[in-house]
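Beneath this line is the structure, given in structure tokens, with notes to follow.
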Amino acid sequence: MLEIKELHKSFGRHEVLKGLNLSVKQGDVIAILGRSGSGKTTLLRCMNFLETAQSGTMAFDGELFNLAHITKQEIARVRKKTAFVFQNFNLFRNKTALQNVTEGLITARKIPKAAAIEIGKRALDKVDLAGKYDAYPHQLSGGQQQRVAIARAIAGEPNIIYFDEPTSALDPALIHEVLTVMRKLADEGMTMLVVTHEMNFARNVSNKVIFMDAGEIIEAQPAERFFDHPIDQRTKAFLQTYNAGSSII
Amino acid sequence: MADEHLLAVIVDSFWKILLPGLTMTIPLTIISFTLALLLAVIAALVQFADLKGLKQLARFYIWIFRGTPLLVQLFVVFYGLPNIGILIDPFPAAVLVFSFNEGAYCAETIRAALESVPKGQFEAGLCVGMSYMQIMRRILLPQALRTAFPPLSNSLIAMVKDTSLAANITVTEMFMVTQRIVARTYEPLILYIEVGFIYLLFSTVLTFLQRIGENKLSAYEHQEGR
């Protein structure tokens with residue numbers, strides 16, 4: 001349903017993505033792993049046009065887009081079928097939880113307010129925030145804020161959701177509630193692209209794992225094979241540091 | 001005897017000074033400040049949006065009006081412009097100068113407030129499909145104006161007092177009326193203190209209104225920055 005070809009992105013003279021190819025099938029839950037600075041986040045941001053790529057194409061939902069020369073109308077079409085969950089939640093701070101979910105439905109999708117509120121409540125119920133419709137972001141914990149952000153993402157019924165390190169800004173105690181919601185979405189067949197450092201999520205929830213290093217995809221494998229039989233030396237080294245980290249504890 | 005005379009001067013002059021306060025100083029302030037806010041939002045937005053050409057124009061406008069004395073601006077417009085055939089009545093001339101002058105300061109306040117809203121909310125708005133203007137109107141500006149409210153109130157209070165400068169271009173506001181009464185009664189000390197007191201009264205009311213406004217606006221940010 002989504003295919004990226006030869007994606008190049010530089011910031012000034014620094015090349016962050018060096019010709020990436022990526023293919024996503026309906027229902028895939030793909031974990032993208034890699035060290036900081038490997039280009040994982042930039043990849044997601046290019047796919048939703050928060051960054052403009054230097055070159056590359058994206059086939060999505062029956063259309064082919066030139067990522068370097070994309071029109072406003074094309075961006076609007078793609079964004080209507082995608083959603084983005086940020087590391088820092090990025091909730092609208094002047095809106096309640098429910099308004100955060102309905103805002104885009106009402107303004108961008110022109111859904112009547114009453115219907116949008118219905119959709120919004122259902123989305124919040126789904127992320128276990130039924131009692132928090134009228135809470136402002138500052139009244140919510142980090143985990144709750146991120147779940148509101150996920151409700152905002154699913155409310156537009158996207159074909160795919162991009163998650164950019166959704167649990168990295170959370171206290172360890174709050175990570176679980178966000179991962180639980182994400183697992184629920186995965187079980188329901190939502191297509192998800194997840195940049196993460198949560199190895200357990202990558203292993204147990206995702207069906208594919210991609211390992212990135214220095215702007216390239218080093219390895220892409222089914223999740224189990226990736227962890228049990230990594231091929232590339234760099235992948236092995238990466239997994240070893242993680243295992244070493246967890247065995248200390 | 002002397003005390004009774006002073007009391008009579010104060011009581012006599014109080015309404016005479018307060019009246020132009022109500023009919024001149026306050027309208028002059030309200031009209032000028034409203035226009036100033038309008039100018040300020042526009043000048044702040046074109047800078048924030050980085051609109052080529054317009055941004056430079058806004059910088060130039062702010063540079064001129066912040067960099068020259070208010071009194072000089074009043075004189076240029078009222079006494080200077082007639083030289084090239086532009087005659088403006090005292091009151092509109094004052095409105096023109098006050099709104100442009102105050103607009104320059106408020107533009108910087110609003111621009112800074114806009115920049116203080118975390119950029120991520122803008123991106124979140126884009127990702128749910130909102131347009132630039134929708135995000136601006138519904139997400140960024142409301143938060144920026146909340147942040148800008150106290151410094152803008154400051155500017156408003158400053159402006160109430162600055163309107164006294166309009167006396168210099170023959171606007172018969174409070175201060176000019178006071179000067180006239182002084183010329184008749186030779187009681188400068190008591191009368192200038194009296195007019196100062198009336199300005200203080202106006203400012204106090206505004207300070208009170210500011211507090212009410214801030215409470216109303218703070219619904220969504222009681223403990224900002226946990």
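In the structure tokens, chains take letters A, B, ... by order of appearance, with residues numbered from 1 within each chain and ligands from 1 in the order shown.
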Can you tell me, as a list in words, what residues are no more than 8 Å from region 231-238 of chain A when counting only C-alpha atoms, ignoring any on the same chain fewer than 2 positions away?
->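 So, after excluding close chain neighbours, the residues are Gly34, Phe211, Ile218, Glu219, Phe226, His229, Gln240, Thr241 and Tyr242 of chain A.
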Saved selection, atoms kept: all heavy atoms, as a PDB file, in the first residue's frame:
```
ATOM      1  N   GLY A  34      17.470   1.771  15.443  1.00  0.00           N
ATOM      2  CA  GLY A  34      18.731   2.391  15.043  1.00  0.00           C
ATOM      3  C   GLY A  34      19.181   3.370  16.093  1.00  0.00           C
ATOM      4  O   GLY A  34      18.389   3.797  16.938  1.00  0.00           O
ATOM      5  N   PHE A 211      16.420  -2.042  10.515  1.00  0.00           N
ATOM      6  CA  PHE A 211      17.515  -1.442  11.271  1.00  0.00           C
ATOM      7  C   PHE A 211      18.214  -0.418  10.381  1.00  0.00           C
ATOM      8  O   PHE A 211      18.635  -0.710   9.269  1.00  0.00           O
ATOM      9  CB  PHE A 211      18.514  -2.510  11.718  1.00  0.00           C
ATOM     10  CG  PHE A 211      19.695  -1.936  12.434  1.00  0.00           C
ATOM     11  CD1 PHE A 211      19.552  -1.340  13.681  1.00  0.00           C
ATOM     12  CD2 PHE A 211      20.963  -1.958  11.850  1.00  0.00           C
ATOM     13  CE1 PHE A 211      20.651  -0.789  14.336  1.00  0.00           C
ATOM     14  CE2 PHE A 211      22.053  -1.404  12.493  1.00  0.00           C
ATOM     15  CZ  PHE A 211      21.898  -0.823  13.750  1.00  0.00           C
ATOM     16  N   ILE A 218      20.009  -0.990   6.877  1.00  0.00           N
ATOM     17  CA  ILE A 218      21.036  -2.022   6.897  1.00  0.00           C
ATOM     18  C   ILE A 218      20.395  -3.400   6.799  1.00  0.00           C
ATOM     19  O   ILE A 218      20.904  -4.310   6.159  1.00  0.00           O
ATOM     20  CB  ILE A 218      21.851  -1.943   8.212  1.00  0.00           C
ATOM     21  CG1 ILE A 218      22.465  -0.563   8.351  1.00  0.00           C
ATOM     22  CG2 ILE A 218      22.909  -3.034   8.258  1.00  0.00           C
ATOM     23  CD1 ILE A 218      23.422  -0.198   7.260  1.00  0.00           C
ATOM     24  N   GLU A 219      19.275  -3.511   7.481  1.00  0.00           N
ATOM     25  CA  GLU A 219      18.655  -4.828   7.533  1.00  0.00           C
ATOM     26  C   GLU A 219      17.149  -4.687   7.687  1.00  0.00           C
ATOM     27  O   GLU A 219      16.671  -3.862   8.456  1.00  0.00           O
ATOM     28  CB  GLU A 219      19.243  -5.608   8.719  1.00  0.00           C
ATOM     29  CG  GLU A 219      18.881  -7.058   8.708  1.00  0.00           C
ATOM     30  CD  GLU A 219      19.875  -7.900   9.515  1.00  0.00           C
ATOM     31  OE1 GLU A 219      21.009  -7.440   9.766  1.00  0.00           O
ATOM     32  OE2 GLU A 219      19.493  -9.013   9.882  1.00  0.00           O
ATOM     33  N   PHE A 226      14.829 -11.202  12.745  1.00  0.00           N
ATOM     34  CA  PHE A 226      15.713 -10.068  13.012  1.00  0.00           C
ATOM     35  C   PHE A 226      16.425 -10.237  14.348  1.00  0.00           C
ATOM     36  O   PHE A 226      17.631 -10.024  14.463  1.00  0.00           O
ATOM     37  CB  PHE A 226      14.908  -8.763  13.019  1.00  0.00           C
ATOM     38  CG  PHE A 226      15.735  -7.543  13.324  1.00  0.00           C
ATOM     39  CD1 PHE A 226      16.378  -6.847  12.293  1.00  0.00           C
ATOM     40  CD2 PHE A 226      15.901  -7.098  14.623  1.00  0.00           C
ATOM     41  CE1 PHE A 226      17.150  -5.737  12.574  1.00  0.00           C
ATOM     42  CE2 PHE A 226      16.677  -5.982  14.904  1.00  0.00           C
ATOM     43  CZ  PHE A 226      17.300  -5.308  13.878  1.00  0.00           C
ATOM     44  N   HIS A 229      18.260 -14.141  14.265  1.00  0.00           N
ATOM     45  CA  HIS A 229      19.306 -14.386  13.272  1.00  0.00           C
ATOM     46  C   HIS A 229      19.655 -13.121  12.498  1.00  0.00           C
ATOM     47  O   HIS A 229      19.437 -13.050  11.284  1.00  0.00           O
ATOM     48  CB  HIS A 229      18.847 -15.476  12.282  1.00  0.00           C
ATOM     49  CG  HIS A 229      18.406 -16.729  12.948  1.00  0.00           C
ATOM     50  ND1 HIS A 229      19.289 -17.620  13.502  1.00  0.00           N
ATOM     51  CD2 HIS A 229      17.167 -17.224  13.174  1.00  0.00           C
ATOM     52  CE1 HIS A 229      18.607 -18.624  14.046  1.00  0.00           C
ATOM     53  NE2 HIS A 229      17.316 -18.407  13.863  1.00  0.00           N
ATOM     54  N   GLN A 240      23.663  -6.424  20.499  1.00  0.00           N
ATOM     55  CA  GLN A 240      24.496  -6.795  21.640  1.00  0.00           C
ATOM     56  C   GLN A 240      24.521  -5.698  22.704  1.00  0.00           C
ATOM     57  O   GLN A 240      24.419  -5.981  23.895  1.00  0.00           O
ATOM     58  CB  GLN A 240      25.924  -7.112  21.186  1.00  0.00           C
ATOM     59  CG  GLN A 240      26.145  -8.611  21.035  1.00  0.00           C
ATOM     60  CD  GLN A 240      27.391  -8.922  20.230  1.00  0.00           C
ATOM     61  OE1 GLN A 240      28.243  -8.037  20.059  1.00  0.00           O
ATOM     62  NE2 GLN A 240      27.500 -10.149  19.759  1.00  0.00           N
ATOM     63  N   THR A 241      24.680  -4.438  22.243  1.00  0.00           N
ATOM     64  CA  THR A 241      24.702  -3.359  23.234  1.00  0.00           C
ATOM     65  C   THR A 241      23.389  -3.324  24.000  1.00  0.00           C
ATOM     66  O   THR A 241      23.372  -3.070  25.199  1.00  0.00           O
ATOM     67  CB  THR A 241      24.931  -1.972  22.590  1.00  0.00           C
ATOM     68  OG1 THR A 241      24.113  -1.881  21.442  1.00  0.00           O
ATOM     69  CG2 THR A 241      26.368  -1.737  22.244  1.00  0.00           C
ATOM     70  N   TYR A 242      22.295  -3.610  23.305  1.00  0.00           N
ATOM     71  CA  TYR A 242      21.006  -3.608  24.005  1.00  0.00           C
ATOM     72  C   TYR A 242      20.909  -4.744  25.001  1.00  0.00           C
ATOM     73  O   TYR A 242      20.493  -4.574  26.135  1.00  0.00           O
ATOM     74  CB  TYR A 242      19.840  -3.679  23.008  1.00  0.00           C
ATOM     75  CG  TYR A 242      19.249  -2.332  22.803  1.00  0.00           C
ATOM     76  CD1 TYR A 242      19.662  -1.524  21.743  1.00  0.00           C
ATOM     77  CD2 TYR A 242      18.321  -1.814  23.705  1.00  0.00           C
ATOM     78  CE1 TYR A 242      19.151  -0.261  21.572  1.00  0.00           C
ATOM     79  CE2 TYR A 242      17.808  -0.549  23.542  1.00  0.00           C
ATOM     80  CZ  TYR A 242      18.225   0.223  22.473  1.00  0.00           C
ATOM     81  OH  TYR A 242      17.734   1.477  22.321  1.00  0.00           O
TER      82      TYR A 242
END
```
Mind checking which residues fall within 8 Å of Ile17 (chain B), counting only C-alpha atoms, ignoring those fewer than 4 positions away in the same chain, and posting them as a list in words?
->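 The residues satisfying every condition are Ser13, Gly21, Met174, Phe175, Val177, Thr178 and Val195 of chain B.
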Written selection (all heavy atoms) as an mmCIF file, in the first residue's frame:
```
data_model
loop_
_atom_site.group_PDB
_atom_site.id
_atom_site.type_symbol
_atom_site.label_atom_id
_atom_site.label_comp_id
_atom_site.auth_asym_id
_atom_site.auth_seq_id
_atom_site.Cartn_x
_atom_site.Cartn_y
_atom_site.Cartn_z
ATOM 1 N N SER B 13 -12.423 72.157 39.845
ATOM 2 C CA SER B 13 -11.724 71.698 38.641
ATOM 3 C C SER B 13 -11.945 70.212 38.366
ATOM 4 O O SER B 13 -11.780 69.767 37.243
ATOM 5 C CB SER B 13 -10.218 71.962 38.778
ATOM 6 O OG SER B 13 -9.724 71.290 39.918
ATOM 7 N N GLY B 21 -11.403 63.821 30.239
ATOM 8 C CA GLY B 21 -10.835 62.478 30.422
ATOM 9 C C GLY B 21 -11.760 61.434 29.835
ATOM 10 O O GLY B 21 -11.339 60.515 29.141
ATOM 11 N N MET B 174 -7.371 65.766 28.924
ATOM 12 C CA MET B 174 -7.276 66.147 30.334
ATOM 13 C C MET B 174 -6.144 67.118 30.644
ATOM 14 O O MET B 174 -6.317 68.094 31.360
ATOM 15 C CB MET B 174 -7.078 64.888 31.191
ATOM 16 C CG MET B 174 -8.280 64.004 31.284
ATOM 17 S SD MET B 174 -8.226 63.019 32.781
ATOM 18 C CE MET B 174 -6.837 61.964 32.474
ATOM 19 N N PHE B 175 -4.973 66.798 30.099
ATOM 20 C CA PHE B 175 -3.815 67.583 30.492
ATOM 21 C C PHE B 175 -3.901 69.015 29.972
ATOM 22 O O PHE B 175 -3.541 69.966 30.672
ATOM 23 C CB PHE B 175 -2.542 66.895 29.991
ATOM 24 C CG PHE B 175 -1.292 67.497 30.542
ATOM 25 C CD1 PHE B 175 -1.089 67.569 31.928
ATOM 26 C CD2 PHE B 175 -0.319 68.016 29.703
ATOM 27 C CE1 PHE B 175 0.066 68.142 32.442
ATOM 28 C CE2 PHE B 175 0.835 68.589 30.218
ATOM 29 C CZ PHE B 175 1.028 68.650 31.583
ATOM 30 N N VAL B 177 -6.639 70.692 29.378
ATOM 31 C CA VAL B 177 -7.642 71.378 30.184
ATOM 32 C C VAL B 177 -7.046 71.803 31.526
ATOM 33 O O VAL B 177 -7.260 72.932 31.997
ATOM 34 C CB VAL B 177 -8.865 70.464 30.389
ATOM 35 C CG1 VAL B 177 -9.833 71.065 31.405
ATOM 36 C CG2 VAL B 177 -9.568 70.239 29.052
ATOM 37 N N THR B 178 -6.249 70.918 32.101
ATOM 38 C CA THR B 178 -5.600 71.248 33.375
ATOM 39 C C THR B 178 -4.698 72.469 33.221
ATOM 40 O O THR B 178 -4.722 73.389 34.036
ATOM 41 C CB THR B 178 -4.769 70.053 33.872
ATOM 42 O OG1 THR B 178 -5.561 68.879 33.811
ATOM 43 C CG2 THR B 178 -4.302 70.280 35.303
ATOM 44 N N VAL B 195 -4.574 66.107 38.352
ATOM 45 C CA VAL B 195 -4.698 65.417 37.063
ATOM 46 C C VAL B 195 -3.896 64.109 37.093
ATOM 47 O O VAL B 195 -4.316 63.086 36.538
ATOM 48 C CB VAL B 195 -4.297 66.325 35.870
ATOM 49 C CG1 VAL B 195 -2.792 66.540 35.804
ATOM 50 C CG2 VAL B 195 -4.791 65.704 34.559
#
```
At a cut-off of 9 Å, can you tabulate as a Markdown table every residue of chain A near chain B together with its closest atom pair and the distance in Å to one decimal, using only C-alpha atoms and ordering rows by chain then number?
```
| residue | atom | partner | partner_atom | distance |
| --- | --- | --- | --- | --- |
| A:Asn48 | CA | B:Cys127 | CA | 7.5 |
| A:Leu50 | CA | B:Glu123 | CA | 7.2 |
| A:Ile75 | CA | B:Gly129 | CA | 8.9 |
| A:Ala76 | CA | B:Gly129 | CA | 6.3 |
| A:Arg77 | CA | B:Gly129 | CA | 8.7 |
| A:Arg79 | CA | B:Gly129 | CA | 5.8 |
| A:Lys80 | CA | B:Gly129 | CA | 6.1 |
| A:Thr82 | CA | B:Cys127 | CA | 7.8 |
| A:Ala83 | CA | B:Cys127 | CA | 6.2 |
| A:Phe84 | CA | B:Cys127 | CA | 6.2 |
| A:Val85 | CA | B:Ala124 | CA | 8.3 |
| A:Phe86 | CA | B:Ala124 | CA | 8.0 |
| A:Asn88 | CA | B:Gly120 | CA | 7.9 |
| A:Phe89 | CA | B:Gly120 | CA | 8.3 |
| A:Asn90 | CA | B:Gln121 | CA | 5.0 |
| A:Leu91 | CA | B:Gln121 | CA | 6.3 |
| A:Phe92 | CA | B:Gln121 | CA | 5.8 |
| A:Arg93 | CA | B:Tyr220 | CA | 7.0 |
| A:Asn94 | CA | B:Tyr220 | CA | 5.7 |
| A:Lys95 | CA | B:Tyr220 | CA | 7.5 |
| A:Thr96 | CA | B:Tyr220 | CA | 8.2 |
| A:Glu103 | CA | B:Val128 | CA | 8.4 |
| A:Gly104 | CA | B:Val128 | CA | 5.2 |
| A:Leu105 | CA | B:Val128 | CA | 7.8 |
| A:Thr107 | CA | B:Met130 | CA | 6.5 |
| A:Ala108 | CA | B:Met130 | CA | 4.9 |
| A:Arg109 | CA | B:Gly129 | CA | 7.6 |
| A:Ala135 | CA | B:Tyr220 | CA | 8.9 |
| A:Tyr136 | CA | B:Tyr220 | CA | 5.9 |
| A:Pro137 | CA | B:Tyr220 | CA | 8.0 |
| A:His138 | CA | B:Glu221 | CA | 6.6 |
| A:Gln139 | CA | B:Gln223 | CA | 8.4 |
| A:Arg152 | CA | B:Val128 | CA | 8.0 |
| A:Ala153 | CA | B:Val128 | CA | 7.6 |
| A:Gly156 | CA | B:Val128 | CA | 7.8 |
```
To one decimal place, how far is CA of Arg66 (chain B) from CA of Ala104 (chain B) in Å?
->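 Result for CA of Arg66 (chain B) versus CA of Ala104 (chain B): 6.3 Å, one decimal.
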Long-range neighbours of region 87-91 of chain B as an NGL selection string, 7 Å cut-off, only C-alpha atoms, 4 positions minimum in chain = :B and (78 or 81-82 or 95 or 169-171)
Gln87 (chain A) environment, 8 Å, only C-alpha atoms, sequence neighbours closer than 2 positions dropped, as number ranges by chain | A: 85, 89, 163-169
Tell me which protein, DNA and RNA residues are within 10 Å of Ile210 (chain A), counting only C-alpha atoms, leaving out same-chain ones fewer than 2 positions away, and put them as a PyMOL selection string.
-> chain A and resi 22+30-34+40+194-195+202+208+212+217-223+226+235
Write to file, as a short mmCIF file (atom, residue, chain, number, x, y, z; two decimals), in the first residue's frame, the residues of the selection just made, with all heavy atoms.
```
data_model
loop_
_atom_site.label_atom_id
_atom_site.label_comp_id
_atom_site.auth_asym_id
_atom_site.auth_seq_id
_atom_site.Cartn_x
_atom_site.Cartn_y
_atom_site.Cartn_z
N LEU A 22 11.67 1.42 0.79
CA LEU A 22 10.87 0.87 1.89
C LEU A 22 9.50 0.50 1.35
O LEU A 22 8.90 1.25 0.59
CB LEU A 22 10.72 1.94 2.99
CG LEU A 22 9.76 1.65 4.13
CD1 LEU A 22 10.30 0.52 4.98
CD2 LEU A 22 9.58 2.91 4.99
N ILE A 30 5.63 -2.13 11.43
CA ILE A 30 7.06 -2.15 11.19
C ILE A 30 7.77 -1.32 12.25
O ILE A 30 7.46 -0.13 12.43
CB ILE A 30 7.40 -1.60 9.79
CG1 ILE A 30 6.68 -2.45 8.72
CG2 ILE A 30 8.90 -1.59 9.56
CD1 ILE A 30 6.94 -1.99 7.31
N ALA A 31 8.68 -1.95 12.96
CA ALA A 31 9.49 -1.22 13.93
C ALA A 31 10.77 -0.76 13.24
O ALA A 31 11.41 -1.54 12.55
CB ALA A 31 9.82 -2.11 15.12
N ILE A 32 11.11 0.50 13.41
CA ILE A 32 12.35 1.02 12.83
C ILE A 32 13.31 1.27 13.99
O ILE A 32 13.05 2.09 14.87
CB ILE A 32 12.09 2.33 12.06
CG1 ILE A 32 11.03 2.09 10.98
CG2 ILE A 32 13.39 2.84 11.43
CD1 ILE A 32 10.63 3.34 10.22
N LEU A 33 14.40 0.53 13.97
CA LEU A 33 15.39 0.65 15.04
C LEU A 33 16.65 1.32 14.51
O LEU A 33 16.88 1.39 13.30
CB LEU A 33 15.76 -0.73 15.58
CG LEU A 33 14.63 -1.65 16.05
CD1 LEU A 33 15.22 -2.96 16.57
CD2 LEU A 33 13.81 -0.97 17.14
N GLY A 34 17.47 1.77 15.44
CA GLY A 34 18.73 2.39 15.04
C GLY A 34 19.18 3.37 16.09
O GLY A 34 18.39 3.80 16.94
N LYS A 40 16.17 7.79 11.36
CA LYS A 40 14.85 7.17 11.53
C LYS A 40 13.72 8.21 11.54
O LYS A 40 12.74 8.10 10.81
CB LYS A 40 14.76 6.40 12.87
CG LYS A 40 15.94 5.51 13.17
CD LYS A 40 15.77 4.82 14.51
CE LYS A 40 15.74 5.72 15.73
NZ LYS A 40 17.02 6.25 16.18
N VAL A 194 6.72 2.40 13.21
CA VAL A 194 7.04 2.83 14.57
C VAL A 194 8.55 2.97 14.77
O VAL A 194 9.27 1.97 14.81
CB VAL A 194 6.49 1.84 15.62
CG1 VAL A 194 6.69 2.39 17.02
CG2 VAL A 194 5.02 1.54 15.36
N VAL A 195 9.01 4.22 14.89
CA VAL A 195 10.39 4.43 15.30
C VAL A 195 10.44 4.26 16.81
O VAL A 195 9.69 4.91 17.52
CB VAL A 195 10.87 5.85 14.92
CG1 VAL A 195 12.20 6.16 15.57
CG2 VAL A 195 10.96 5.99 13.41
N ALA A 202 9.18 -4.14 19.58
CA ALA A 202 9.65 -4.53 18.25
C ALA A 202 9.57 -6.04 18.07
O ALA A 202 9.15 -6.55 17.03
CB ALA A 202 11.09 -4.05 18.05
N LYS A 208 7.57 -6.78 11.24
CA LYS A 208 8.84 -6.56 10.53
C LYS A 208 9.69 -5.59 11.33
O LYS A 208 9.17 -4.71 12.02
CB LYS A 208 8.61 -5.94 9.15
CG LYS A 208 8.20 -6.93 8.08
CD LYS A 208 8.10 -6.21 6.75
CE LYS A 208 7.06 -6.89 5.86
NZ LYS A 208 6.54 -5.98 4.84
N MET A 212 18.32 0.79 10.89
CA MET A 212 18.95 1.87 10.12
C MET A 212 20.26 2.29 10.76
O MET A 212 20.40 2.29 11.98
CB MET A 212 18.03 3.10 10.04
CG MET A 212 16.89 2.92 9.07
SD MET A 212 15.85 4.39 8.97
CE MET A 212 16.99 5.57 8.23
N ILE A 217 19.16 1.79 5.24
CA ILE A 217 18.54 0.62 5.85
C ILE A 217 19.54 -0.53 5.73
O ILE A 217 19.91 -0.95 4.63
CB ILE A 217 17.21 0.27 5.17
CG1 ILE A 217 16.18 1.37 5.48
CG2 ILE A 217 16.70 -1.09 5.65
CD1 ILE A 217 14.84 1.16 4.83
N ILE A 218 20.01 -0.99 6.88
CA ILE A 218 21.04 -2.02 6.90
C ILE A 218 20.40 -3.40 6.80
O ILE A 218 20.90 -4.31 6.16
CB ILE A 218 21.85 -1.94 8.21
CG1 ILE A 218 22.47 -0.56 8.35
CG2 ILE A 218 22.91 -3.03 8.26
CD1 ILE A 218 23.42 -0.20 7.26
N GLU A 219 19.27 -3.51 7.48
CA GLU A 219 18.66 -4.83 7.53
C GLU A 219 17.15 -4.69 7.69
O GLU A 219 16.67 -3.86 8.46
CB GLU A 219 19.24 -5.61 8.72
CG GLU A 219 18.88 -7.06 8.71
CD GLU A 219 19.88 -7.90 9.51
OE1 GLU A 219 21.01 -7.44 9.77
OE2 GLU A 219 19.49 -9.01 9.88
N ALA A 220 16.40 -5.48 6.93
CA ALA A 220 14.95 -5.51 7.06
C ALA A 220 14.51 -6.96 7.07
O ALA A 220 14.74 -7.68 6.11
CB ALA A 220 14.30 -4.75 5.91
N GLN A 221 13.89 -7.37 8.16
CA GLN A 221 13.56 -8.79 8.33
C GLN A 221 12.26 -8.94 9.09
O GLN A 221 11.84 -8.04 9.81
CB GLN A 221 14.67 -9.45 9.18
CG GLN A 221 15.98 -9.59 8.49
CD GLN A 221 16.51 -11.00 8.65
OE1 GLN A 221 15.89 -11.94 8.17
NE2 GLN A 221 17.62 -11.14 9.35
N PRO A 222 11.63 -10.11 8.98
CA PRO A 222 10.53 -10.40 9.91
C PRO A 222 11.06 -10.30 11.34
O PRO A 222 12.23 -10.61 11.59
CB PRO A 222 10.15 -11.84 9.57
CG PRO A 222 10.59 -12.02 8.16
CD PRO A 222 11.82 -11.18 7.99
N ALA A 223 10.21 -9.86 12.26
CA ALA A 223 10.67 -9.52 13.61
C ALA A 223 11.46 -10.65 14.27
O ALA A 223 12.54 -10.42 14.82
CB ALA A 223 9.47 -9.13 14.47
N PHE A 226 14.83 -11.20 12.75
CA PHE A 226 15.71 -10.07 13.01
C PHE A 226 16.42 -10.24 14.35
O PHE A 226 17.63 -10.02 14.46
CB PHE A 226 14.91 -8.76 13.02
CG PHE A 226 15.74 -7.54 13.32
CD1 PHE A 226 16.38 -6.85 12.29
CD2 PHE A 226 15.90 -7.10 14.62
CE1 PHE A 226 17.15 -5.74 12.57
CE2 PHE A 226 16.68 -5.98 14.90
CZ PHE A 226 17.30 -5.31 13.88
N THR A 235 24.11 -4.72 12.76
CA THR A 235 22.90 -5.10 13.49
C THR A 235 23.25 -5.91 14.73
O THR A 235 22.72 -5.68 15.82
CB THR A 235 21.98 -5.95 12.59
OG1 THR A 235 21.94 -5.37 11.29
CG2 THR A 235 20.58 -6.01 13.16
#
```
Among the residues of region 44-201 of chain A, find those DSSP assigns to alpha helix (DSSP H) from the backbone and print them as a PyMOL selection string.
-> chain A and resi 44-47+72-80+97-107+113-126+142-155+172-187+199-201
Selection near Asp12 (chain B), 12 Å with only C-alpha atoms, sequence-local residues under 3 positions removed, as a ChimeraX atom specification | /B:4-9,15-18,178,181,185,191,194
Can you write just those residues out, N, CA, C and O atoms, as a tab-separated table (two decimals), in the first residue's frame?
```
chain	number	residue	atom	x	y	z
B	4	GLU	N	-9.56	76.45	52.52
B	4	GLU	CA	-10.86	76.50	51.86
B	4	GLU	C	-10.72	76.86	50.40
B	4	GLU	O	-11.39	76.30	49.54
B	5	HIS	N	-9.77	77.76	50.10
B	5	HIS	CA	-9.54	78.16	48.72
B	5	HIS	C	-9.06	76.97	47.89
B	5	HIS	O	-9.58	76.71	46.81
B	6	LEU	N	-8.10	76.23	48.46
B	6	LEU	CA	-7.57	75.06	47.75
B	6	LEU	C	-8.66	74.04	47.49
B	6	LEU	O	-8.78	73.48	46.40
B	7	LEU	N	-9.46	73.80	48.53
B	7	LEU	CA	-10.54	72.83	48.40
B	7	LEU	C	-11.49	73.23	47.28
B	7	LEU	O	-11.90	72.40	46.46
B	8	ALA	N	-11.80	74.53	47.23
B	8	ALA	CA	-12.69	75.04	46.18
B	8	ALA	C	-12.09	74.82	44.80
B	8	ALA	O	-12.78	74.42	43.86
B	9	VAL	N	-10.77	75.05	44.69
B	9	VAL	CA	-10.10	74.85	43.40
B	9	VAL	C	-10.19	73.38	42.97
B	9	VAL	O	-10.51	73.07	41.82
B	15	TRP	N	-14.44	68.02	37.97
B	15	TRP	CA	-15.29	67.60	36.84
B	15	TRP	C	-14.80	68.18	35.53
B	15	TRP	O	-14.91	67.54	34.48
B	16	LYS	N	-14.25	69.40	35.63
B	16	LYS	CA	-13.76	70.03	34.39
B	16	LYS	C	-12.61	69.23	33.79
B	16	LYS	O	-12.41	69.23	32.58
B	17	ILE	N	-11.83	68.60	34.68
B	17	ILE	CA	-10.70	67.79	34.17
B	17	ILE	C	-11.18	66.38	33.81
B	17	ILE	O	-10.79	65.82	32.79
B	18	LEU	N	-12.06	65.84	34.65
B	18	LEU	CA	-12.51	64.46	34.42
B	18	LEU	C	-13.30	64.35	33.12
B	18	LEU	O	-13.17	63.37	32.38
B	178	THR	N	-6.25	70.92	32.10
B	178	THR	CA	-5.60	71.25	33.38
B	178	THR	C	-4.70	72.47	33.22
B	178	THR	O	-4.72	73.39	34.04
B	181	ILE	N	-6.68	75.57	33.23
B	181	ILE	CA	-7.18	75.95	34.56
B	181	ILE	C	-6.04	76.54	35.40
B	181	ILE	O	-6.22	77.52	36.13
B	185	THR	N	-5.97	79.98	37.52
B	185	THR	CA	-6.01	79.96	38.99
B	185	THR	C	-4.64	80.08	39.65
B	185	THR	O	-4.55	80.30	40.85
B	191	LEU	N	-3.16	71.35	41.06
B	191	LEU	CA	-3.90	70.92	39.87
B	191	LEU	C	-3.16	69.82	39.10
B	191	LEU	O	-3.78	68.87	38.61
B	194	GLU	N	-3.60	66.80	40.93
B	194	GLU	CA	-4.97	66.32	40.74
B	194	GLU	C	-5.11	65.55	39.41
B	194	GLU	O	-5.67	64.45	39.38
```
Gap from CA of Ala113 (chain B) to CA of Ala144 (chain B) - Å, one decimal |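 So the two atoms, CA of Ala113 (chain B) and CA of Ala144 (chain B), lie 4.7 Å apart.
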Would you mind reading off the distance between CA of Asp162 (chain B) and CA of Leu19 (chain B), one decimal, in Å?
->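 Between these atoms lies a distance of 17.8 Å.
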Would you list, as a count of residues only, the residues of region 2-238 of chain A that end up in strand (DSSP E) under DSSP run on this structure's backbone?
-> 64
Please provide the set of residues having any atom within 8 Å of Glu102 (chain B), restricted to only C-alpha atoms, with same-chain residues fewer than 4 positions apart removed, written as a list in words.
->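 Listed by chain and then number, they are Phe33, Ala36, Phe98, Cys106, Ser155 and Met159 of chain B.
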